[in-house]
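Data first, discussion second: the structure below is written as structure tokens.
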Amino acid sequence: MAEPVFDSNKVTVIFVLGGPGAGKGTQCGRLVEDFDFCHLSAGDLLRGEQNREGSEYGDLIRTCIREGTIVPMEVTIKLLENAMAAALTERTSGEGWTDGKGRFLIDGFPRKMDQALKFEEEVCVSSLTIYFSTTEEVMLSRLLERGKTSGREDDNVESIKKRFRTYRSDTMPVIEHYAKENKVAEIDSTGSIEEVHKVASAVVNKVFAEKSA
Ligand code: C5P
Ligand code: MG
């Protein structure tokens with residue numbers, strides 16, 4: 001079988017999961033400041049592709065996002081692989097990753113088992129999945145608050161309910177799969193940004209300490 005494109009000795013991949021509104025993007029933003037990660041949000045990459053002129057996937061992505069369903073994995077995996085390659089070229093060729101090693105936080109991915117398996121087989125083996133957990137009540141209120149300014153077509157009650165359903169049916173099995181392999185750090189994300197960040201930062205520190213040991 002072919003090797004993954006990126007060697008996990010040279011590239012650290014941490015997946016970041018949690019329901020919609022759990023705080024993935026916010027926490028990734030904070031971790032970027034601490035660890036010089038490249039933060040790749042699968043949802044943002046898909047929205048970018050959706051709006052790219054001439055994209056053959058625009059309509060497909062728009063429908064999936066509105067309905068809270070998962071875009072076929074080939075599309076998302078290719079976007080991630082391309083973004084990883086671009087970041088590696090850019091950041092290892094000047095300031096940035098001077099040790100030549102890449103560090104990626106991959107946010108909102110893998111949302112479904114097939115994505116997890118294919119990505120690790122073809123692109124890169126992950127080191128850990130950070131799982132931000134809180135109640136649907138908390139997530140709903142955060143998303144409705146965000147919806148006032150996000151301009152996102154899926155930050156409305158109807159889409160949010162569908163996103164919760166997809167999360168329970170498709171994403172929870174991914175978290176359970178990695179938990180069985182002892183590759184999940186569950187972090188309660190109900191508290192303040194600062195409180196959650198402290199815990200997340202300690203988790204990431206441990207990943208790098210173990211990698212360099
Ligand atoms: O993570 P985010 O909330 O930005 O994702 C928005 C939507 O993008 C999801 O509800 C889903 O429709 C799509 N998505 C996907 N596969 C992923 C990540 C996001 O289909 N891995
Ligand atoms: Mg996000």
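Identifiers in the structure tokens: chain A, B, ... in order shown; residue index from 1 per chain; ligand index from 1 in order shown.
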
- prompt: Given a cut-off of 6 Å, what residues near ligand 1 show up using only C-alpha atoms and all ligand atoms, put as a list in words?
  reply: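 Residues lying within 6 Å of ligand 1: Pro20, Ala42, Gly43, Asp44, Cys64, Ile65, Gly68, Thr69, Ile70, Val71, Gly108, Phe109, Pro110, Arg111 and Arg163 of chain A.
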
Please produce an output containing all heavy atoms for each residue in the selection, written as a compact mmCIF listing (two decimals), in the first residue's frame.
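Saved result, out_9.txt, follows:
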# COMPACT_ATOMS: atom_id res chain seq x y z
N PRO A 20 -21.01 21.51 16.52
CA PRO A 20 -21.04 22.88 16.03
C PRO A 20 -21.24 23.84 17.20
O PRO A 20 -22.12 23.61 18.03
CB PRO A 20 -22.25 22.91 15.09
CG PRO A 20 -22.99 21.63 15.28
CD PRO A 20 -22.10 20.67 15.99
N ALA A 42 -11.80 22.76 8.07
CA ALA A 42 -12.39 22.09 6.90
C ALA A 42 -13.61 22.87 6.41
O ALA A 42 -13.80 23.05 5.20
CB ALA A 42 -12.77 20.65 7.25
N GLY A 43 -14.41 23.37 7.36
CA GLY A 43 -15.59 24.15 6.97
C GLY A 43 -15.20 25.41 6.21
O GLY A 43 -15.81 25.75 5.19
N ASP A 44 -14.16 26.11 6.68
CA ASP A 44 -13.71 27.33 5.98
C ASP A 44 -13.18 27.00 4.59
O ASP A 44 -13.43 27.73 3.62
CB ASP A 44 -12.61 28.04 6.78
CG ASP A 44 -13.15 28.74 8.02
OD1 ASP A 44 -14.39 28.83 8.16
OD2 ASP A 44 -12.33 29.19 8.85
N CYS A 64 -24.98 20.86 0.92
CA CYS A 64 -24.58 20.09 2.10
C CYS A 64 -24.51 20.98 3.33
O CYS A 64 -24.99 20.61 4.41
CB CYS A 64 -23.21 19.43 1.90
SG CYS A 64 -23.23 18.05 0.75
N ILE A 65 -23.91 22.15 3.18
CA ILE A 65 -23.74 23.03 4.34
C ILE A 65 -25.10 23.48 4.88
O ILE A 65 -25.35 23.45 6.08
CB ILE A 65 -22.83 24.22 4.00
CG1 ILE A 65 -21.38 23.72 3.85
CG2 ILE A 65 -22.91 25.31 5.08
CD1 ILE A 65 -20.33 24.78 3.61
N GLY A 68 -26.71 20.66 6.60
CA GLY A 68 -25.95 20.11 7.72
C GLY A 68 -25.42 18.72 7.45
O GLY A 68 -25.09 17.98 8.38
N THR A 69 -25.34 18.33 6.19
CA THR A 69 -24.80 17.01 5.86
C THR A 69 -23.34 17.12 5.45
O THR A 69 -22.80 18.22 5.29
CB THR A 69 -25.60 16.35 4.72
OG1 THR A 69 -25.60 17.25 3.61
CG2 THR A 69 -27.04 16.08 5.15
N ILE A 70 -22.70 15.98 5.25
CA ILE A 70 -21.26 15.97 5.03
C ILE A 70 -20.93 15.95 3.55
O ILE A 70 -21.45 15.13 2.80
CB ILE A 70 -20.66 14.77 5.78
CG1 ILE A 70 -21.14 14.88 7.22
CG2 ILE A 70 -19.16 14.69 5.59
CD1 ILE A 70 -20.24 14.49 8.28
N VAL A 71 -20.07 16.82 3.17
CA VAL A 71 -19.62 16.90 1.77
C VAL A 71 -18.80 15.63 1.47
O VAL A 71 -18.04 15.17 2.33
CB VAL A 71 -18.74 18.16 1.59
CG1 VAL A 71 -18.15 18.23 0.19
CG2 VAL A 71 -19.55 19.43 1.91
N GLY A 108 -12.61 20.60 12.61
CA GLY A 108 -13.87 20.18 11.97
C GLY A 108 -13.66 19.02 11.01
O GLY A 108 -14.41 18.84 10.05
N PHE A 109 -12.68 18.24 11.29
CA PHE A 109 -12.33 17.10 10.43
C PHE A 109 -11.58 16.08 11.28
O PHE A 109 -10.76 16.49 12.13
CB PHE A 109 -11.42 17.58 9.28
CG PHE A 109 -11.04 16.49 8.32
CD1 PHE A 109 -11.76 16.28 7.15
CD2 PHE A 109 -9.96 15.64 8.60
CE1 PHE A 109 -11.40 15.26 6.28
CE2 PHE A 109 -9.61 14.62 7.74
CZ PHE A 109 -10.33 14.43 6.58
N PRO A 110 -11.78 14.80 11.10
CA PRO A 110 -12.73 14.11 10.24
C PRO A 110 -14.12 14.04 10.87
O PRO A 110 -14.28 13.61 11.99
CB PRO A 110 -12.13 12.70 10.12
CG PRO A 110 -11.20 12.54 11.28
CD PRO A 110 -10.82 13.89 11.77
N ARG A 111 -15.11 14.46 10.10
CA ARG A 111 -16.49 14.51 10.56
C ARG A 111 -17.17 13.16 10.44
O ARG A 111 -18.28 12.98 10.90
CB ARG A 111 -17.29 15.49 9.69
CG ARG A 111 -17.06 16.92 10.02
CD ARG A 111 -17.82 17.31 11.26
NE ARG A 111 -18.61 18.51 11.11
CZ ARG A 111 -18.14 19.75 11.09
NH1 ARG A 111 -16.86 19.97 11.14
NH2 ARG A 111 -18.96 20.77 11.01
N ARG A 163 -27.46 19.92 11.90
CA ARG A 163 -26.02 19.75 12.16
C ARG A 163 -25.80 18.91 13.42
O ARG A 163 -24.90 18.08 13.46
CB ARG A 163 -25.35 21.13 12.28
CG ARG A 163 -25.32 21.87 10.95
CD ARG A 163 -25.20 23.37 11.13
NE ARG A 163 -23.88 23.78 11.57
CZ ARG A 163 -23.59 24.99 12.04
NH1 ARG A 163 -24.54 25.90 12.15
NH2 ARG A 163 -22.37 25.28 12.39

- prompt: Where in region 96-194 of chain A does DSSP assign helix (DSSP H, G or I), given as a ChimeraX atom specification?
  reply: /A:113-122,136-150,157-180,193-194

Dump C-alpha atoms for the selected residues as a PDB file, in the first residue's frame?
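Ended up saving to part_13.pdb:
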ATOM      1  CA  MET A 113     -15.391   7.590   9.705  1.00  0.00           C
ATOM      2  CA  ASP A 114     -14.612   7.316   5.990  1.00  0.00           C
ATOM      3  CA  GLN A 115     -12.772  10.671   6.060  1.00  0.00           C
ATOM      4  CA  ALA A 116     -10.719   9.586   9.043  1.00  0.00           C
ATOM      5  CA  LEU A 117      -9.552   6.351   7.450  1.00  0.00           C
ATOM      6  CA  LYS A 118      -8.826   7.797   4.034  1.00  0.00           C
ATOM      7  CA  PHE A 119      -6.970  10.837   5.337  1.00  0.00           C
ATOM      8  CA  GLU A 120      -4.688   8.756   7.547  1.00  0.00           C
ATOM      9  CA  GLU A 121      -4.052   6.258   4.788  1.00  0.00           C
ATOM     10  CA  GLU A 122      -3.323   8.772   2.056  1.00  0.00           C
ATOM     11  CA  GLU A 136     -26.285  21.110  22.865  1.00  0.00           C
ATOM     12  CA  GLU A 137     -27.937  23.888  24.848  1.00  0.00           C
ATOM     13  CA  VAL A 138     -24.630  25.752  25.151  1.00  0.00           C
ATOM     14  CA  MET A 139     -23.759  25.112  21.507  1.00  0.00           C
ATOM     15  CA  LEU A 140     -27.168  26.322  20.315  1.00  0.00           C
ATOM     16  CA  SER A 141     -26.916  29.578  22.213  1.00  0.00           C
ATOM     17  CA  ARG A 142     -23.375  30.214  20.924  1.00  0.00           C
ATOM     18  CA  LEU A 143     -24.400  29.520  17.339  1.00  0.00           C
ATOM     19  CA  LEU A 144     -27.442  31.782  17.518  1.00  0.00           C
ATOM     20  CA  GLU A 145     -25.261  34.528  18.950  1.00  0.00           C
ATOM     21  CA  ARG A 146     -22.699  34.000  16.182  1.00  0.00           C
ATOM     22  CA  GLY A 147     -25.493  33.897  13.612  1.00  0.00           C
ATOM     23  CA  LYS A 148     -26.281  37.556  14.284  1.00  0.00           C
ATOM     24  CA  THR A 149     -23.050  38.532  12.523  1.00  0.00           C
ATOM     25  CA  SER A 150     -21.546  35.465  10.825  1.00  0.00           C
ATOM     26  CA  VAL A 157     -32.261  26.976  14.231  1.00  0.00           C
ATOM     27  CA  GLU A 158     -33.392  24.712  11.411  1.00  0.00           C
ATOM     28  CA  SER A 159     -29.888  24.070  10.047  1.00  0.00           C
ATOM     29  CA  ILE A 160     -28.415  23.843  13.539  1.00  0.00           C
ATOM     30  CA  LYS A 161     -30.780  20.993  14.451  1.00  0.00           C
ATOM     31  CA  LYS A 162     -29.685  19.118  11.337  1.00  0.00           C
ATOM     32  CA  ARG A 163     -26.022  19.751  12.161  1.00  0.00           C
ATOM     33  CA  PHE A 164     -26.524  18.325  15.652  1.00  0.00           C
ATOM     34  CA  ARG A 165     -28.111  15.235  14.143  1.00  0.00           C
ATOM     35  CA  THR A 166     -25.218  14.694  11.724  1.00  0.00           C
ATOM     36  CA  TYR A 167     -22.753  15.241  14.523  1.00  0.00           C
ATOM     37  CA  ARG A 168     -24.402  12.553  16.662  1.00  0.00           C
ATOM     38  CA  SER A 169     -24.739  10.011  13.862  1.00  0.00           C
ATOM     39  CA  ASP A 170     -21.527  10.558  11.896  1.00  0.00           C
ATOM     40  CA  THR A 171     -18.962  12.365  14.041  1.00  0.00           C
ATOM     41  CA  MET A 172     -19.430  10.710  17.431  1.00  0.00           C
ATOM     42  CA  PRO A 173     -18.352   7.341  15.947  1.00  0.00           C
ATOM     43  CA  VAL A 174     -15.072   8.978  14.842  1.00  0.00           C
ATOM     44  CA  ILE A 175     -14.430  10.180  18.389  1.00  0.00           C
ATOM     45  CA  GLU A 176     -15.267   6.725  19.760  1.00  0.00           C
ATOM     46  CA  HIS A 177     -12.928   5.122  17.225  1.00  0.00           C
ATOM     47  CA  TYR A 178      -9.978   7.266  18.293  1.00  0.00           C
ATOM     48  CA  ALA A 179     -10.897   6.921  21.970  1.00  0.00           C
ATOM     49  CA  LYS A 180     -10.484   3.154  21.634  1.00  0.00           C
ATOM     50  CA  ILE A 193     -12.327  30.900  26.406  1.00  0.00           C
ATOM     51  CA  GLU A 194      -9.409  31.431  28.772  1.00  0.00           C
TER      52      GLU A 194
END

Quick one: residues within 7 Å of region 8-17 of chain A, only C-alpha atoms, excluding same-chain residues fewer than 5 positions away - as a CSV table (one decimal) with all heavy atoms, in the first residue's frame?
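Generated output (out07.csv):
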chain,number,residue,atom,x,y,z
A,24,LYS,N,-14.4,25.1,18.6
A,24,LYS,CA,-13.2,24.6,17.9
A,24,LYS,C,-12.4,25.8,17.3
A,24,LYS,O,-11.2,25.9,17.5
A,24,LYS,CB,-13.6,23.7,16.8
A,24,LYS,CG,-14.5,22.5,17.2
A,24,LYS,CD,-14.8,21.5,16.1
A,24,LYS,CE,-15.7,22.1,15.0
A,24,LYS,NZ,-17.1,22.3,15.5
A,101,LYS,N,9.8,21.2,10.2
A,101,LYS,CA,8.6,20.4,10.6
A,101,LYS,C,7.3,21.1,10.6
A,101,LYS,O,7.3,22.3,11.1
A,101,LYS,CB,8.9,19.8,12.0
A,101,LYS,CG,10.0,18.8,12.0
A,101,LYS,CD,10.2,18.1,13.3
A,101,LYS,CE,11.3,17.0,13.2
A,101,LYS,NZ,11.5,16.3,14.4
A,102,GLY,N,6.3,20.5,10.1
A,102,GLY,CA,5.0,21.2,10.0
A,102,GLY,C,4.1,20.9,11.2
A,102,GLY,O,4.2,19.8,11.8
A,103,ARG,N,3.3,21.8,11.6
A,103,ARG,CA,2.3,21.6,12.7
A,103,ARG,C,1.0,22.0,12.2
A,103,ARG,O,0.8,23.2,12.0
A,103,ARG,CB,2.8,22.3,13.9
A,103,ARG,CG,4.2,22.8,13.9
A,103,ARG,CD,4.5,23.6,15.2
A,103,ARG,NE,5.6,22.9,15.8
A,103,ARG,CZ,6.0,23.2,17.1
A,103,ARG,NH1,5.3,24.0,17.8
A,103,ARG,NH2,7.0,22.6,17.6
A,104,PHE,N,0.0,21.1,12.2
A,104,PHE,CA,-1.3,21.4,11.7
A,104,PHE,C,-2.4,21.1,12.8
A,104,PHE,O,-2.4,20.0,13.3
A,104,PHE,CB,-1.6,20.7,10.5
A,104,PHE,CG,-0.7,21.1,9.3
A,104,PHE,CD1,0.4,20.4,9.0
A,104,PHE,CD2,-1.1,22.1,8.5
A,104,PHE,CE1,1.2,20.7,7.9
A,104,PHE,CE2,-0.3,22.5,7.4
A,104,PHE,CZ,0.9,21.8,7.1
A,105,LEU,N,-3.3,22.1,12.9
A,105,LEU,CA,-4.5,21.9,13.6
A,105,LEU,C,-5.6,21.7,12.6
A,105,LEU,O,-5.8,22.7,11.8
A,105,LEU,CB,-4.9,23.1,14.5
A,105,LEU,CG,-4.1,23.3,15.8
A,105,LEU,CD1,-4.6,24.6,16.5
A,105,LEU,CD2,-4.3,22.1,16.8
A,106,ILE,N,-6.2,20.6,12.5
A,106,ILE,CA,-7.2,20.4,11.4
A,106,ILE,C,-8.5,20.3,12.1
A,106,ILE,O,-8.9,19.4,12.9
A,106,ILE,CB,-6.9,19.1,10.6
A,106,ILE,CG1,-5.5,19.3,10.0
A,106,ILE,CG2,-7.9,18.9,9.6
A,106,ILE,CD1,-5.1,18.4,8.9
A,107,ASP,N,-9.3,21.4,11.9
A,107,ASP,CA,-10.5,21.8,12.7
A,107,ASP,C,-11.7,21.3,11.9
A,107,ASP,O,-11.9,21.6,10.7
A,107,ASP,CB,-10.4,23.3,12.9
A,107,ASP,CG,-11.7,24.0,13.2
A,107,ASP,OD1,-12.7,23.4,13.4
A,107,ASP,OD2,-11.6,25.2,13.3
A,108,GLY,N,-12.6,20.6,12.6
A,108,GLY,CA,-13.9,20.2,12.0
A,108,GLY,C,-13.7,19.0,11.0
A,108,GLY,O,-14.4,18.8,10.1
A,109,PHE,N,-12.7,18.2,11.3
A,109,PHE,CA,-12.3,17.1,10.4
A,109,PHE,C,-11.6,16.1,11.3
A,109,PHE,O,-10.8,16.5,12.1
A,109,PHE,CB,-11.4,17.6,9.3
A,109,PHE,CG,-11.0,16.5,8.3
A,109,PHE,CD1,-11.8,16.3,7.2
A,109,PHE,CD2,-10.0,15.6,8.6
A,109,PHE,CE1,-11.4,15.3,6.3
A,109,PHE,CE2,-9.6,14.6,7.7
A,109,PHE,CZ,-10.3,14.4,6.6
A,124,CYS,N,-1.9,11.9,5.9
A,124,CYS,CA,-0.9,11.9,7.1
A,124,CYS,C,-1.6,11.2,8.3
A,124,CYS,O,-2.8,11.4,8.5
A,124,CYS,CB,-0.6,13.3,7.4
A,124,CYS,SG,0.8,13.5,8.6
A,125,VAL,N,-0.8,10.5,9.1
A,125,VAL,CA,-1.3,9.9,10.3
A,125,VAL,C,-1.4,11.0,11.4
A,125,VAL,O,-0.5,11.8,11.5
A,125,VAL,CB,-0.4,8.8,10.7
A,125,VAL,CG1,-0.8,8.2,12.1
A,125,VAL,CG2,-0.3,7.7,9.7
A,126,SER,N,-2.5,11.0,12.1
A,126,SER,CA,-2.7,12.0,13.2
A,126,SER,C,-2.0,11.6,14.5
A,126,SER,O,-1.8,10.4,14.7
A,126,SER,CB,-4.2,12.2,13.4
A,126,SER,OG,-4.8,11.1,14.0
A,127,SER,N,-1.7,12.6,15.3
A,127,SER,CA,-1.1,12.4,16.6
A,127,SER,C,-2.2,12.3,17.6
A,127,SER,O,-2.0,11.5,18.6
A,127,SER,CB,-0.1,13.5,17.0
A,127,SER,OG,1.0,13.5,16.1
A,128,LEU,N,-3.2,13.1,17.5
A,128,LEU,CA,-4.2,13.2,18.6
A,128,LEU,C,-5.5,13.8,18.0
A,128,LEU,O,-5.4,14.6,17.0
A,128,LEU,CB,-3.7,14.0,19.7
A,128,LEU,CG,-4.6,14.1,21.0
A,128,LEU,CD1,-4.5,12.8,21.8
A,128,LEU,CD2,-4.2,15.3,21.8
A,129,THR,N,-6.6,13.5,18.6
A,129,THR,CA,-7.8,14.3,18.4
A,129,THR,C,-8.2,15.0,19.7
A,129,THR,O,-8.3,14.4,20.7
A,129,THR,CB,-9.0,13.3,18.0
A,129,THR,OG1,-8.7,12.7,16.7
A,129,THR,CG2,-10.3,14.1,17.8
A,130,ILE,N,-8.3,16.3,19.6
A,130,ILE,CA,-8.8,17.1,20.7
A,130,ILE,C,-10.3,17.2,20.5
A,130,ILE,O,-10.8,17.5,19.4
A,130,ILE,CB,-8.2,18.5,20.7
A,130,ILE,CG1,-6.7,18.4,21.0
A,130,ILE,CG2,-8.9,19.3,21.8
A,130,ILE,CD1,-6.0,19.8,21.1
A,131,TYR,N,-11.0,16.8,21.5
A,131,TYR,CA,-12.5,16.8,21.4
A,131,TYR,C,-13.1,17.8,22.4
A,131,TYR,O,-13.0,17.6,23.6
A,131,TYR,CB,-13.0,15.3,21.7
A,131,TYR,CG,-14.4,15.2,22.0
A,131,TYR,CD1,-15.4,15.9,21.4
A,131,TYR,CD2,-14.9,14.2,22.9
A,131,TYR,CE1,-16.7,15.8,21.6
A,131,TYR,CE2,-16.2,14.0,23.2
A,131,TYR,CZ,-17.1,14.8,22.6
A,131,TYR,OH,-18.5,14.6,22.8
A,132,PHE,N,-13.6,18.9,21.9
A,132,PHE,CA,-14.2,19.9,22.8
A,132,PHE,C,-15.7,19.5,23.0
A,132,PHE,O,-16.5,19.4,22.0
A,132,PHE,CB,-14.1,21.3,22.1
A,132,PHE,CG,-12.7,21.8,22.1
A,132,PHE,CD1,-12.1,22.0,21.0
A,132,PHE,CD2,-12.1,22.1,23.3
A,132,PHE,CE1,-10.8,22.5,20.9
A,132,PHE,CE2,-10.8,22.6,23.3
A,132,PHE,CZ,-10.1,22.8,22.2

message: According to DSSP computed on the backbone, where in region 9-208 of chain A is there strand (DSSP E)? Give the residues as a list in words.
response: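 DSSP on the backbone gives strand (DSSP E) at Val11, Thr12, Val13, Ile14, Phe15, Val16, Leu17, Gly18, Cys38, His39, Leu40, Ser41, Gly102, Arg103, Phe104, Leu105, Ile106, Asp107, Leu128, Thr129, Ile130, Tyr131, Phe132, Ser133, Val184, Ala185, Glu186, Ile187 and Asp188 of chain A.
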
- request: Record the distance separating CA of Ser133 (chain A) and CA of Lys183 (chain A), expressed in Å with one decimal.
  value: 15.5 Å

task: Determine, counting only C-alpha atoms, which protein, DNA and RNA residues have an atom within 12 Å of an atom of Gly29 (chain A); residues of the same chain fewer than 2 positions away are not included. Present the result as a list in words.
output: Val16, Gly23, Lys24, Gly25, Thr26, Gln27, Leu31, Val32, Glu33, Asp34, Phe35, Asp36, Phe37, Cys38, His39, Leu40, Ser41, Leu105, Ile106, Asp107, Ile193, Glu194, His197, Ala200 and Ser201 of chain A

message: If I take CA of Gly18 (chain A) and CA of Lys211 (chain A), how far is one from the other in Å, to one decimal?
response: 24.3 Å

message: I'd like the interatomic distance between CA of Ile187 (chain A) and CA of Arg30 (chain A), to a tenth of an Å.
response: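 Interatomic distance here is 14.8 Å.
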
Nearest to Arg66 (chain A), chosen from A:Thr134, A:Ser212, A:Thr98, A:Asn156, with only C-alpha atoms counted in the distances: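 Under the stated criterion, the closest residue is A:Asn156.
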